[in-house]
$ cat query.txt   # compact mmCIF, C-alpha atoms
# COMPACT_ATOMS: atom_id res chain seq x y z
CA MET S 19 5.48 10.59 18.53
CA LYS S 20 7.54 13.25 16.76
CA TYR S 21 6.55 13.94 13.13
CA LEU S 22 3.20 12.17 13.66
CA ASP S 23 1.44 13.99 16.49
CA GLU S 24 1.96 17.41 14.87
CA PHE S 25 0.08 16.28 11.77
CA ARG S 26 -2.83 14.96 13.89
CA ASP S 27 -3.38 18.29 15.65
CA GLN S 28 -7.08 19.24 15.65
CA ASP S 29 -6.20 22.93 15.81
CA LEU S 30 -4.44 22.45 12.48
CA ALA S 31 -7.12 20.28 10.90
CA LYS S 32 -10.09 22.54 11.65
CA PRO S 33 -8.95 25.54 9.57
CA LEU S 34 -7.74 23.20 6.82
CA LEU S 35 -11.24 21.75 6.65
CA LYS S 36 -12.65 25.26 6.31
CA GLU S 37 -10.18 26.02 3.53
CA LEU S 38 -11.16 22.80 1.77
CA ARG S 39 -14.83 23.88 1.85
CA HIS S 40 -13.73 27.19 0.35
CA SER S 41 -11.63 25.48 -2.35
CA VAL S 42 -14.30 23.11 -3.66
CA THR S 43 -16.04 25.33 -6.22
CA ARG S 44 -17.60 22.62 -8.39
CA PRO S 45 -18.52 18.92 -8.04
CA LEU S 46 -15.27 17.04 -7.55
CA ARG S 47 -14.64 13.29 -7.76
CA VAL S 48 -11.34 12.20 -6.25
CA MET S 49 -10.04 8.63 -6.17
CA GLU S 50 -7.99 7.71 -3.14
CA VAL S 51 -5.80 5.01 -4.61
CA CYS S 52 -4.28 3.58 -1.48
CA GLY S 53 -6.03 1.28 0.99
CA THR S 54 -4.18 2.93 3.87
CA HIS S 55 -5.67 6.28 2.81
CA THR S 56 -9.14 4.71 2.68
CA MET S 57 -8.75 3.48 6.26
CA ALA S 58 -7.17 6.75 7.48
CA ILE S 59 -10.02 8.81 6.00
CA PHE S 60 -12.63 6.65 7.76
CA ARG S 61 -10.74 6.24 11.03
CA ASN S 62 -10.27 9.98 11.43
CA GLY S 63 -13.89 10.72 10.57
CA LEU S 64 -12.89 12.86 7.58
CA ARG S 65 -15.47 11.43 5.20
CA SER S 66 -18.39 12.82 7.20
CA LEU S 67 -16.73 16.24 7.44
CA LEU S 68 -16.01 16.75 3.75
CA PRO S 69 -17.85 19.52 1.93
CA ASP S 70 -20.83 18.82 -0.30
CA GLY S 71 -19.67 18.32 -3.84
CA LEU S 72 -16.47 16.46 -2.92
CA GLU S 73 -16.85 12.75 -3.52
CA LEU S 74 -14.14 10.31 -2.52
CA ILE S 75 -13.96 7.04 -4.43
CA SER S 76 -11.84 4.16 -3.18
CA GLY S 77 -9.52 2.69 -5.80
CA PRO S 78 -7.69 -0.61 -6.29
CA GLY S 79 -5.01 0.05 -3.68
CA CYS S 80 -5.58 -2.77 -1.22
CA PRO S 81 -3.19 -5.54 -2.29
CA VAL S 82 -5.13 -8.39 -0.71
CA CYS S 83 -8.39 -7.15 -2.25
CA VAL S 84 -7.01 -7.15 -5.79
CA THR S 85 -5.50 -10.64 -5.51
CA SER S 86 -7.52 -12.75 -7.92
CA ALA S 87 -9.51 -15.85 -6.97
CA SER S 88 -7.27 -17.92 -9.27
CA HIS S 89 -4.21 -16.84 -7.29
CA ILE S 90 -5.96 -17.71 -4.01
CA ASP S 91 -6.81 -21.13 -5.46
CA ALA S 92 -3.16 -21.64 -6.45
CA ILE S 93 -2.08 -20.71 -2.90
CA LEU S 94 -4.52 -23.25 -1.44
CA ASP S 95 -3.14 -25.84 -3.86
CA MET S 96 0.42 -25.17 -2.63
CA ALA S 97 -0.65 -25.27 1.03
CA GLU S 98 -2.02 -28.79 0.61
CA ARG S 99 1.19 -30.22 -0.83
CA PRO S 100 3.41 -32.32 1.40
CA GLN S 101 6.53 -30.78 2.91
CA VAL S 102 5.32 -27.26 2.11
CA ARG S 103 5.00 -24.50 4.69
CA ILE S 104 3.25 -21.27 3.74
CA ALA S 105 4.34 -17.94 5.26
CA LEU S 106 2.23 -14.84 4.75
CA PHE S 107 1.12 -11.46 5.98
CA GLY S 108 -2.00 -11.94 8.11
CA ASP S 109 -4.59 -10.27 5.91
CA LEU S 110 -4.58 -13.05 3.33
CA PHE S 111 -5.25 -15.81 5.86
CA ARG S 112 -9.04 -15.63 5.66
CA VAL S 113 -9.56 -14.69 1.99
CA PRO S 114 -11.72 -17.41 0.41
CA GLY S 115 -10.84 -18.99 -2.92
CA SER S 116 -13.41 -20.02 -5.51
CA SER S 117 -14.46 -23.00 -3.35
CA GLY S 118 -15.27 -20.70 -0.43
CA LEU S 119 -12.38 -22.16 1.59
CA SER S 120 -9.37 -20.18 2.77
CA LEU S 121 -5.92 -20.73 4.24
CA ALA S 122 -7.62 -20.59 7.64
CA HIS S 123 -9.61 -23.69 6.67
CA ALA S 124 -6.51 -25.36 5.22
CA SER S 125 -4.60 -24.62 8.41
CA SER S 126 -7.34 -26.15 10.56
CA HIS S 127 -7.07 -29.29 8.41
CA GLY S 128 -3.34 -29.66 8.96
CA ALA S 129 -1.68 -27.42 6.37
CA LYS S 130 1.40 -25.68 7.72
CA VAL S 131 0.66 -21.95 7.62
CA ASP S 132 2.59 -19.23 9.48
CA ILE S 133 1.70 -15.56 9.72
CA VAL S 134 4.82 -13.40 9.69
CA TYR S 135 5.54 -9.72 10.21
CA SER S 136 8.35 -9.49 7.67
CA PRO S 137 9.43 -11.60 4.68
CA MET S 138 12.76 -11.99 6.47
CA ASP S 139 10.88 -13.97 9.16
CA SER S 140 9.96 -16.54 6.50
CA LEU S 141 13.65 -17.01 5.73
CA GLU S 142 14.21 -17.77 9.40
CA LEU S 143 11.36 -20.31 9.19
CA ALA S 144 13.16 -21.97 6.27
CA LYS S 145 16.34 -22.27 8.35
CA LYS S 146 14.32 -23.72 11.21
CA HIS S 147 12.52 -26.29 9.02
CA PRO S 148 15.18 -27.52 6.55
CA GLN S 149 13.08 -30.54 5.55
CA GLU S 150 10.25 -28.32 4.28
CA LEU S 151 9.93 -25.85 1.41
CA VAL S 152 8.91 -22.52 2.94
CA ILE S 153 6.91 -20.42 0.50
CA PHE S 154 6.39 -16.75 1.23
CA LEU S 155 3.27 -15.30 -0.37
CA GLY S 156 4.39 -12.15 -2.16
CA VAL S 157 1.28 -9.98 -2.13
CA GLY S 158 1.78 -6.25 -2.27
CA PHE S 159 2.65 -3.14 -4.21
CA GLU S 160 5.89 -1.25 -4.65
CA THR S 161 6.23 -0.61 -0.91
CA THR S 162 6.43 -4.33 -0.13
CA THR S 163 8.47 -5.59 -3.07
CA PRO S 164 11.90 -4.17 -2.11
CA GLY S 165 11.88 -6.06 1.20
CA ILE S 166 11.03 -9.28 -0.61
CA ALA S 167 13.82 -8.66 -3.15
CA ALA S 168 16.19 -8.15 -0.22
CA THR S 169 14.96 -11.39 1.38
CA ILE S 170 15.63 -13.36 -1.83
CA MET S 171 19.12 -11.81 -1.98
CA ALA S 172 19.67 -12.81 1.65
CA ALA S 173 18.57 -16.38 0.83
CA GLN S 174 21.07 -16.44 -2.05
CA ASN S 175 23.88 -15.08 0.11
CA SER S 176 23.22 -17.47 2.98
CA GLY S 177 22.71 -20.51 0.73
CA VAL S 178 19.19 -21.27 1.98
CA ASP S 179 17.81 -23.75 -0.53
CA ASN S 180 14.35 -24.49 0.87
CA PHE S 181 12.87 -21.02 0.43
CA ALA S 182 10.74 -19.62 -2.40
CA VAL S 183 8.34 -16.75 -3.10
CA PHE S 184 4.96 -16.98 -4.82
CA SER S 185 4.89 -13.64 -6.57
CA THR S 186 1.61 -11.88 -7.19
CA HIS S 187 3.30 -8.51 -6.78
CA LYS S 188 1.64 -5.64 -8.53
CA VAL S 189 2.72 -2.18 -9.61
CA MET S 190 0.52 0.84 -9.27
CA PRO S 191 0.49 3.04 -12.38
CA PRO S 192 -0.87 0.42 -14.89
CA PRO S 193 -4.24 -0.21 -13.14
CA LEU S 194 -4.77 3.53 -12.88
CA ILE S 195 -4.31 3.80 -16.65
CA SER S 196 -6.75 0.93 -17.08
CA LEU S 197 -9.33 2.74 -14.92
CA LEU S 198 -8.79 6.08 -16.63
CA ASN S 199 -9.47 4.45 -20.00
CA ASP S 200 -12.92 3.44 -18.72
CA PRO S 201 -15.41 6.06 -19.94
CA GLU S 202 -17.88 5.11 -17.19
CA LEU S 203 -15.50 6.25 -14.47
CA GLN S 204 -15.21 10.01 -14.31
CA ILE S 205 -12.42 11.17 -11.98
CA ASP S 206 -11.14 14.72 -11.56
CA GLY S 207 -8.12 13.92 -9.44
CA LEU S 208 -6.03 11.29 -7.73
CA LEU S 209 -5.01 11.25 -4.09
CA CYS S 210 -1.77 9.40 -4.80
CA PRO S 211 -0.43 6.83 -2.34
CA GLY S 212 2.14 7.89 0.24
CA HIS S 213 4.51 5.02 0.79
CA VAL S 214 4.22 3.50 -2.68
CA SER S 215 5.40 6.93 -3.83
CA THR S 216 8.27 6.83 -1.33
CA ILE S 217 9.61 4.00 -3.50
CA ILE S 218 8.54 5.01 -7.03
CA GLY S 219 8.72 8.79 -6.59
CA ALA S 220 6.17 11.47 -7.42
CA ARG S 221 7.41 11.45 -11.02
CA ALA S 222 5.55 8.14 -11.59
CA TYR S 223 2.28 10.09 -11.95
CA GLN S 224 3.55 12.55 -14.58
CA PRO S 225 2.35 10.35 -17.49
CA LEU S 226 -1.19 10.45 -16.03
CA VAL S 227 -1.08 14.23 -16.05
CA GLU S 228 0.22 14.35 -19.61
CA LYS S 229 -2.12 11.75 -21.09
CA TYR S 230 -5.31 12.26 -19.06
CA ASN S 231 -4.96 15.85 -17.84
CA LEU S 232 -5.53 14.54 -14.33
CA ALA S 233 -4.72 16.41 -11.12
CA CYS S 234 -2.41 14.25 -8.98
CA VAL S 235 -1.33 14.99 -5.40
CA VAL S 236 0.81 12.67 -3.27
CA ALA S 237 -0.48 12.60 0.31
CA GLY S 238 0.66 11.45 3.73
CA PHE S 239 -1.62 9.57 6.09
CA GLU S 240 -2.37 11.96 8.94
CA PRO S 241 -5.52 14.12 8.90
CA ALA S 242 -3.65 17.36 8.12
CA ASP S 243 -1.74 15.64 5.30
CA ILE S 244 -4.92 14.34 3.68
CA LEU S 245 -6.77 17.65 4.03
CA GLN S 246 -3.85 19.56 2.55
CA ALA S 247 -3.70 17.20 -0.43
CA LEU S 248 -7.46 17.53 -1.01
CA ILE S 249 -7.13 21.33 -0.91
CA MET S 250 -4.35 21.15 -3.51
CA LEU S 251 -6.48 18.88 -5.72
CA ALA S 252 -9.53 21.13 -5.40
CA ARG S 253 -7.47 24.21 -6.27
CA GLN S 254 -5.96 22.54 -9.34
CA VAL S 255 -9.37 21.48 -10.61
CA SER S 256 -11.07 24.82 -9.91
CA GLN S 257 -8.24 26.61 -11.73
CA GLY S 258 -8.43 24.18 -14.68
CA GLU S 259 -4.92 22.90 -14.06
CA ALA S 260 -3.45 19.41 -13.91
CA ARG S 261 -0.02 18.64 -12.49
CA VAL S 262 1.77 16.41 -10.01
CA GLU S 263 2.08 17.99 -6.58
CA ASN S 264 3.67 16.50 -3.52
CA ALA S 265 2.06 17.15 -0.14
CA TYR S 266 4.25 14.54 1.57
CA THR S 267 7.74 15.85 0.89
CA ARG S 268 9.08 14.57 4.21
CA ALA S 269 8.71 11.03 2.86
CA VAL S 270 8.45 11.30 -0.92
CA SER S 271 10.92 12.72 -3.44
CA TRP S 272 10.49 13.23 -7.16
CA GLU S 273 12.79 10.28 -7.99
CA GLY S 274 11.80 7.93 -5.15
CA ASN S 275 14.01 5.40 -3.43
CA GLU S 276 16.42 4.51 -6.24
CA ARG S 277 18.31 1.98 -4.14
CA ALA S 278 15.08 0.02 -3.59
CA GLN S 279 14.14 0.36 -7.27
CA GLN S 280 17.50 -1.15 -8.31
CA MET S 281 17.10 -4.11 -5.94
CA VAL S 282 13.60 -4.80 -7.24
CA ASN S 283 14.82 -4.64 -10.85
CA LYS S 284 17.60 -7.08 -10.07
CA ILE S 285 15.22 -9.76 -8.77
CA PHE S 286 11.91 -9.08 -10.56
CA GLU S 287 10.75 -8.34 -14.10
CA PRO S 288 7.46 -6.84 -15.31
CA VAL S 289 4.76 -9.28 -16.45
CA ASP S 290 1.06 -9.17 -17.27
CA MET S 291 -0.94 -9.74 -14.08
CA GLU S 292 -4.53 -10.65 -13.26
CA TRP S 293 -6.30 -8.26 -10.86
CA ARG S 294 -9.55 -9.01 -9.12
CA GLY S 295 -12.23 -6.91 -10.74
CA LEU S 296 -9.92 -5.38 -13.33
CA GLY S 297 -8.89 -8.48 -15.31
CA THR S 298 -5.41 -8.98 -16.73
CA ILE S 299 -3.51 -5.73 -17.12
CA PRO S 300 -0.35 -5.63 -19.28
CA LEU S 301 2.91 -5.26 -17.36
CA SER S 302 1.10 -4.61 -14.07
CA GLY S 303 2.82 -7.37 -12.11
CA LEU S 304 6.27 -8.56 -11.16
CA ALA S 305 7.65 -12.08 -11.65
CA ILE S 306 10.93 -13.44 -10.36
CA ARG S 307 13.64 -13.28 -13.02
CA GLU S 308 14.97 -16.46 -14.62
CA SER S 309 18.35 -15.83 -12.96
CA CYS S 310 16.65 -16.35 -9.56
CA CYS S 311 14.14 -19.00 -10.66
CA HIS S 312 15.19 -21.33 -7.85
CA PHE S 313 13.32 -18.96 -5.52
CA ASP S 314 10.21 -18.84 -7.70
CA ALA S 315 7.53 -21.03 -6.09
CA GLU S 316 5.40 -20.99 -9.24
CA LYS S 317 8.20 -22.61 -11.27
CA ARG S 318 9.51 -24.78 -8.49
CA LEU S 319 6.14 -26.42 -7.83
CA ASP S 320 4.91 -26.09 -11.43
CA ILE S 321 1.87 -24.08 -10.40
CA LYS S 322 -0.69 -23.41 -13.12
CA LEU S 323 -3.19 -20.61 -12.65
CA ILE S 324 -6.69 -21.87 -13.42
CA PRO S 325 -9.37 -19.27 -14.22
CA ALA S 326 -11.73 -19.05 -11.24
CA ALA S 327 -15.10 -17.41 -10.75
CA GLU S 328 -15.66 -14.72 -8.13
CA PRO S 329 -17.95 -15.67 -5.24
CA PRO S 330 -21.61 -15.45 -6.38
CA GLY S 331 -23.16 -12.08 -5.58
CA CYS S 332 -19.86 -10.50 -4.46
CA ARG S 333 -19.39 -6.99 -5.84
CA CYS S 334 -15.72 -6.56 -4.88
CA GLY S 335 -14.80 -6.17 -8.55
CA GLU S 336 -17.08 -3.17 -9.08
CA ILE S 337 -16.11 -1.69 -5.72
CA LEU S 338 -12.40 -1.93 -6.60
CA LYS S 339 -13.10 0.00 -9.80
CA GLY S 340 -14.89 2.71 -7.83
CA LYS S 341 -18.14 2.03 -9.69
CA GLU S 342 -20.11 0.83 -6.68
CA ARG S 343 -20.03 1.41 -2.95
CA PRO S 344 -20.08 -1.44 -0.43
CA PRO S 345 -23.69 -0.88 0.73
CA GLN S 346 -24.80 -1.51 -2.87
CA CYS S 347 -23.54 -5.11 -2.62
CA PRO S 348 -26.40 -7.51 -1.78
CA LEU S 349 -24.10 -9.47 0.55
CA PHE S 350 -22.74 -6.47 2.50
CA GLY S 351 -23.45 -6.64 6.21
CA SER S 352 -25.65 -9.74 5.90
CA ARG S 353 -23.88 -12.73 4.37
CA CYS S 354 -20.58 -10.85 4.18
CA THR S 355 -19.18 -9.42 7.42
CA PRO S 356 -15.65 -9.12 8.86
CA GLY S 357 -16.38 -12.20 10.99
CA ASN S 358 -17.57 -14.20 7.99
CA PRO S 359 -16.20 -12.54 4.84
CA VAL S 360 -17.22 -13.59 1.35
CA GLY S 361 -15.04 -11.19 -0.65
CA PRO S 362 -11.53 -9.90 -0.02
CA CYS S 363 -12.61 -6.26 0.41
CA MET S 364 -14.28 -7.34 3.66
CA VAL S 365 -11.28 -9.38 4.85
CA SER S 366 -8.42 -6.95 4.56
CA SER S 367 -7.83 -4.28 7.17
CA GLU S 368 -7.39 -1.92 4.20
CA GLY S 369 -10.47 -3.13 2.32
CA THR S 370 -13.19 -0.66 1.40
CA CYS S 371 -15.98 -2.98 2.59
CA ALA S 372 -14.23 -3.51 5.95
CA ALA S 373 -13.86 0.28 6.29
CA PHE S 374 -17.54 0.91 5.49
CA TYR S 375 -18.62 -1.88 7.86
CA LYS S 376 -16.48 -0.61 10.72
CA TYR S 377 -16.89 3.15 10.31
CA GLY S 378 -19.54 3.75 7.64
CA MET Q 150 10.36 5.44 14.56
CA LYS Q 151 13.54 6.85 16.10
CA VAL Q 152 16.88 5.13 15.53
CA ILE Q 153 18.63 4.30 18.80
CA GLU Q 154 21.19 1.74 17.59
CA ILE Q 155 22.73 0.69 14.27
CA GLN Q 156 24.32 -2.67 13.46
CA GLY Q 157 26.35 -3.24 10.28
CA SER Q 158 27.54 -0.70 7.76
CA PRO Q 159 26.23 0.57 4.41
CA ASP Q 160 29.08 -1.03 2.43
CA ASP Q 161 29.03 -4.47 4.02
CA PHE Q 162 26.38 -6.54 2.25
CA PHE Q 163 27.44 -9.81 3.86
CA SER Q 164 26.52 -8.90 7.41
CA ASP Q 165 23.11 -7.88 8.66
CA GLN Q 166 22.22 -4.21 8.26
CA ILE Q 167 19.89 -3.47 11.14
CA ALA Q 168 18.63 -0.49 13.14
CA VAL Q 169 17.05 -0.73 16.56
CA VAL Q 170 14.17 1.75 16.61
CA ASP Q 171 11.97 3.13 19.36
CA ALA Q 172 8.44 4.50 19.32
CA ASP Q 173 7.06 5.63 22.68
CA GLY Q 174 9.12 3.03 24.51
CA ILE Q 175 8.40 0.17 22.15
CA ARG Q 176 11.62 -1.06 20.58
CA LYS Q 177 12.22 -3.35 17.66
CA LYS Q 178 14.75 -4.22 15.01
CA THR Q 179 14.30 -3.15 11.41
CA ARG Q 180 16.33 -4.05 8.33
CA LEU Q 181 18.27 -1.35 6.50
CA ASP Q 182 18.81 -3.28 3.24
CA VAL Q 183 16.54 -1.05 1.12
CA VAL Q 184 16.59 2.27 2.96
CA ASP Q 185 17.28 5.27 0.72
CA HIS Q 186 19.70 7.10 3.03
CA TRP Q 187 21.79 5.36 5.66
CA PRO Q 188 20.52 6.75 8.99
CA VAL Q 189 22.43 8.08 11.97
CA LEU Q 190 21.39 7.81 15.60
CA GLY Q 191 18.38 10.03 16.30
CA ASP Q 192 17.01 9.89 12.73
CA TYR Q 193 13.42 8.81 12.11
CA LEU Q 194 12.62 5.92 9.75
CA ILE Q 195 9.52 4.95 7.81
CA ILE Q 196 9.19 1.20 8.15
CA HIS Q 197 7.18 -1.27 6.09
CA ALA Q 198 7.00 -5.00 6.85
CA GLY Q 199 10.23 -5.04 8.82
CA PHE Q 200 12.25 -2.93 6.34
CA ALA Q 201 13.09 0.76 6.63
CA ILE Q 202 12.14 2.32 3.30
CA HIS Q 203 12.97 5.97 4.03
CA THR Q 204 15.05 8.06 6.38
CA LEU Q 205 12.84 11.00 7.15
CA ASP Q 206 14.23 14.39 6.27
CA PRO Q 207 13.68 16.59 9.37
CA GLN Q 208 13.99 19.78 7.31
CA GLU Q 209 11.27 18.60 4.93
CA ALA Q 210 9.08 17.60 7.88
CA GLU Q 211 9.44 21.08 9.35
CA THR Q 212 8.70 22.60 5.93
CA ASN Q 213 5.57 20.41 5.60
CA LEU Q 214 4.42 21.54 9.01
CA ARG Q 215 5.23 25.21 8.45
CA LEU Q 216 3.27 25.30 5.19
CA LEU Q 217 0.29 23.65 6.87
CA ARG Q 218 0.41 26.10 9.76
CA GLU Q 219 0.67 29.05 7.38
CA LEU Q 220 -2.35 27.75 5.47
CA ALA Q 221 -4.31 27.33 8.72
CA GLU Q 222 -3.29 30.77 10.01
CA ASN Q 223 -4.33 32.33 6.71
CA VAL Q 224 -7.79 30.79 7.03
CA LEU Q 225 -8.15 32.02 10.61
CA ALA Q 226 -6.96 35.50 9.56
CA VAL Q 227 -9.67 35.64 6.89
CA GLU Q 228 -12.27 34.57 9.43
CA ASN Q 229 -11.14 37.38 11.68
CA GLY Q 230 -11.56 39.88 8.88
CA ASP Q 231 -7.93 40.34 7.90
CA ASP Q 232 -6.74 40.38 4.29
CA ARG Q 233 -6.07 36.93 2.77
CA SER Q 234 -2.64 38.14 1.70

$ encode --input "query.txt" --output "structure tokens"
Amino acid sequence: MKYLDEFRDQDLAKPLLKELRHSVTRPLRVMEVCGTHTMAIFRNGLRSLLPDGLELISGPGCPVCVTSASHIDAILDMAERPQVRIALFGDLFRVPGSSGLSLAHASSHGAKVDIVYSPMDSLELAKKHPQELVIFLGVGFETTTPGIAATIMAAQNSGVDNFAVFSTHKVMPPPLISLLNDPELQIDGLLCPGHVSTIIGARAYQPLVEKYNLACVVAGFEPADILQALIMLARQVSQGEARVENAYTRAVSWEGNERAQQMVNKIFEPVDMEWRGLGTIPLSGLAIRESCCHFDAEKRLDIKLIPAAEPPGCRCGEILKGKERPPQCPLFGSRCTPGNPVGPCMVSSEGTCAAFYKYG
Amino acid sequence: MKVIEIQGSPDDFFSDQIAVVDADGIRKKTRLDVVDHWPVLGDYLIIHAGFAIHTLDPQEAETNLRLLRELAENVLAVENGDDRS
């Protein structure tokens, strides 16, 4: 397909790989923030081709993986209530809560659970089932939130009363600041997410450059895009520089998608949010504003988040912080597999454990 | 994905804003509620969860590709013994 195939061209990637080897002049630790980057790097076999001295660390950029056990428990609580129908993106379906049970179990015991492609599909479900409250599970970063804001606006405009969103939406810069404040985690540069940046703009990373002197490059998802971004990061670090560069200008501007930003701001407001492995991070989440509280499932069903323990032995928390790699987890590949996942990093198609299991 | 049909208009918020898109013969509808630039037929969209989030700038795509090719050609020139400049 046009504008994809060109960036997958092996004849382009091979010299870029050589240039990357030339550009890495000292040990370099780069965090790829986005789960889609993690999967793209594995799927294209890039990890095994990288030069010695360049270490890629997966960050907290898989939205399902960073959804806390207490949020999963709250979702299971909602699913068991009468006259409630849960609509969600598929990845969350098999993530276990603190009891070890998931929405898949709940569904097999009679809970009404629908996997949808778009939040707008859940609005259609609400129209189709007027006697039920359809709750869409809002799990995602800045790329996902505008569509959910638009869906809530559409529900308002069309007068659909039996629709609500359970918002665990998260925003990307705050967890990066949290990680960068951790003295144990030494990172030289960030491979910044592509489509999150389409919404928030490359300018969102400027504070990281100013405060932490960190090299930041926004990257696309094809092999040539990723290699180019790594070259730019390696050059910045070897030259002792730190700035925001954009290697994905066909999709990302400095300002981002301001129309989407305005819609999100109209429906959501920043709140403190609990992240799996990272704890509660100030102003790292989005809650539905009071003016739209009728569409807020948490308020409508009076949901209380109850602190919940992570599954025993699961190392997802440390893996999400980039401190451990999946094979270091005692459950990896034995008790925890894609067919029988214990932690969310093994469930999600963007999870680091799933990537290591499939391609590692 | 390439836009082959547009329904609705950018100023009408009370009717559906939808593009029909095509990728290698597979067609589907995508919402245009949050897209940054209203597309025209033949434009390419980046789509996430049923919503177009960006109308791809063909000039920027060509610039991306040209810079990558120049970088690659420079590497090959060095390998062949030419000057890096």

$ atom_distance --input "query.txt" --atom1 "CA of Gln246 in chain S" --atom2 "CA of Val214 in chain S"
18.7 Å

$ residues_around --input "query.txt" --residues "Thr179 in chain Q" --least-positions-apart "4" --cutoff "9 Å" --atoms "only C-alpha atoms" --output "PyMOL selection string"
chain Q and resi 166-170+196+198-201

$ residues_around --input "query.txt" --residues "Glu240 in chain S" --least-positions-apart "3" --cutoff "8 Å" --atoms "only C-alpha atoms" --output "NGL selection string"
:S and (22 or 25-26 or 58 or 243-244)

$ write_last_selection --input "query.txt" --atoms "C-alpha atoms" --output "CSV table (one decimal), in the coordinates of the input"
chain,number,residue,atom,x,y,z
S,22,LEU,CA,3.2,12.2,13.7
S,25,PHE,CA,0.1,16.3,11.8
S,26,ARG,CA,-2.8,15.0,13.9
S,58,ALA,CA,-7.2,6.8,7.5
S,243,ASP,CA,-1.7,15.6,5.3
S,244,ILE,CA,-4.9,14.3,3.7

$ residues_near_point --input "query.txt" --point "(22.0, 9.8, 15.3)" --cutoff "10 Å" --atoms "all atoms listed in the file" --output "mmCIF file with C-alpha atoms, keeping the file's coordinate frame"
data_model
loop_
_atom_site.group_PDB
_atom_site.id
_atom_site.type_symbol
_atom_site.label_atom_id
_atom_site.label_comp_id
_atom_site.auth_asym_id
_atom_site.auth_seq_id
_atom_site.Cartn_x
_atom_site.Cartn_y
_atom_site.Cartn_z
ATOM 1 C CA LYS Q 151 13.540 6.850 16.100
ATOM 2 C CA VAL Q 152 16.880 5.130 15.530
ATOM 3 C CA ILE Q 153 18.630 4.300 18.800
ATOM 4 C CA GLU Q 154 21.190 1.740 17.590
ATOM 5 C CA ILE Q 155 22.730 0.690 14.270
ATOM 6 C CA PRO Q 188 20.520 6.750 8.990
ATOM 7 C CA VAL Q 189 22.430 8.080 11.970
ATOM 8 C CA LEU Q 190 21.390 7.810 15.600
ATOM 9 C CA GLY Q 191 18.380 10.030 16.300
ATOM 10 C CA ASP Q 192 17.010 9.890 12.730
ATOM 11 C CA TYR Q 193 13.420 8.810 12.110
#

$ residues_around --input "query.txt" --residues "Gln208 in chain Q" --least-positions-apart "3" --cutoff "8 Å" --atoms "only C-alpha atoms" --output "list in words"
Arg268 of chain S; Glu211 and Thr212 of chain Q

$ closest_atom_pairs --input "query.txt" --of "chain Q" --to "chain S" --cutoff "7 Å" --atoms "all atoms listed in the file" --output "JSON lines"
{"residue": "Q:Ala172", "atom": "CA", "partner": "S:Met19", "partner_atom": "CA", "distance": 6.8}
{"residue": "Q:Asp173", "atom": "CA", "partner": "S:Met19", "partner_atom": "CA", "distance": 6.7}
{"residue": "Q:Asp182", "atom": "CA", "partner": "S:Ala168", "partner_atom": "CA", "distance": 6.5}
{"residue": "Q:Val183", "atom": "CA", "partner": "S:Ala278", "partner_atom": "CA", "distance": 5.0}
{"residue": "Q:Asp185", "atom": "CA", "partner": "S:Asn275", "partner_atom": "CA", "distance": 5.3}
{"residue": "Q:His197", "atom": "CA", "partner": "S:Thr162", "partner_atom": "CA", "distance": 7.0}
{"residue": "Q:Ala198", "atom": "CA", "partner": "S:Ser136", "partner_atom": "CA", "distance": 4.8}
{"residue": "Q:Gly199", "atom": "CA", "partner": "S:Ser136", "partner_atom": "CA", "distance": 5.0}
{"residue": "Q:Phe200", "atom": "CA", "partner": "S:Gly165", "partner_atom": "CA", "distance": 6.0}
{"residue": "Q:His203", "atom": "CA", "partner": "S:Ala269", "partner_atom": "CA", "distance": 6.7}
{"residue": "Q:Leu205", "atom": "CA", "partner": "S:Ala269", "partner_atom": "CA", "distance": 6.0}
{"residue": "Q:Asp206", "atom": "CA", "partner": "S:Arg268", "partner_atom": "CA", "distance": 5.5}
{"residue": "Q:Glu209", "atom": "CA", "partner": "S:Arg268", "partner_atom": "CA", "distance": 4.6}
{"residue": "Q:Ala210", "atom": "CA", "partner": "S:Arg268", "partner_atom": "CA", "distance": 4.8}
{"residue": "Q:Asn213", "atom": "CA", "partner": "S:Thr267", "partner_atom": "CA", "distance": 6.9}
{"residue": "Q:Arg218", "atom": "CA", "partner": "S:Leu30", "partner_atom": "CA", "distance": 6.7}
{"residue": "Q:Ala221", "atom": "CA", "partner": "S:Pro33", "partner_atom": "CA", "distance": 5.0}
{"residue": "Q:Val224", "atom": "CA", "partner": "S:Pro33", "partner_atom": "CA", "distance": 5.9}
{"residue": "Q:Leu225", "atom": "CA", "partner": "S:Pro33", "partner_atom": "CA", "distance": 6.6}

$ atom_distance --input "query.txt" --atom1 "CA of Val157 in chain S" --atom2 "CA of Arg112 in chain S"
14.1 Å

$ residues_around --input "query.txt" --residues "Lys376 in chain S" --least-positions-apart "5" --cutoff "12 Å" --atoms "only C-alpha atoms" --output "VMD selection string"
chain S and resid 57 60 to 61 63 344 350 to 351 355 to 357 364 to 371

$ atom_distance --input "query.txt" --atom1 "CA of Leu119 in chain S" --atom2 "CA of Val189 in chain S"
27.4 Å

$ residues_around --input "query.txt" --residues "range 227-229 of chain S" --least-positions-apart "2" --cutoff "12 Å" --atoms "all atoms listed in the file" --output "ChimeraX atom specification"
/S:191,194-195,198-199,206-208,220-225,231-235,254,259-263

$ decode --input "query.txt" --residues "range 24-32 of chain S" --atoms "C-alpha atoms" --output "compact mmCIF listing (two decimals), in the first residue's frame"
# COMPACT_ATOMS: atom_id res chain seq x y z
CA GLU S 24 8.18 2.24 0.56
CA PHE S 25 9.14 2.38 4.23
CA ARG S 26 9.38 -1.44 4.42
CA ASP S 27 11.87 -1.67 1.55
CA GLN S 28 14.81 -3.92 2.47
CA ASP S 29 17.08 -2.05 0.07
CA LEU S 30 16.42 1.03 2.18
CA ALA S 31 16.71 -0.69 5.55
CA LYS S 32 20.06 -2.42 4.93
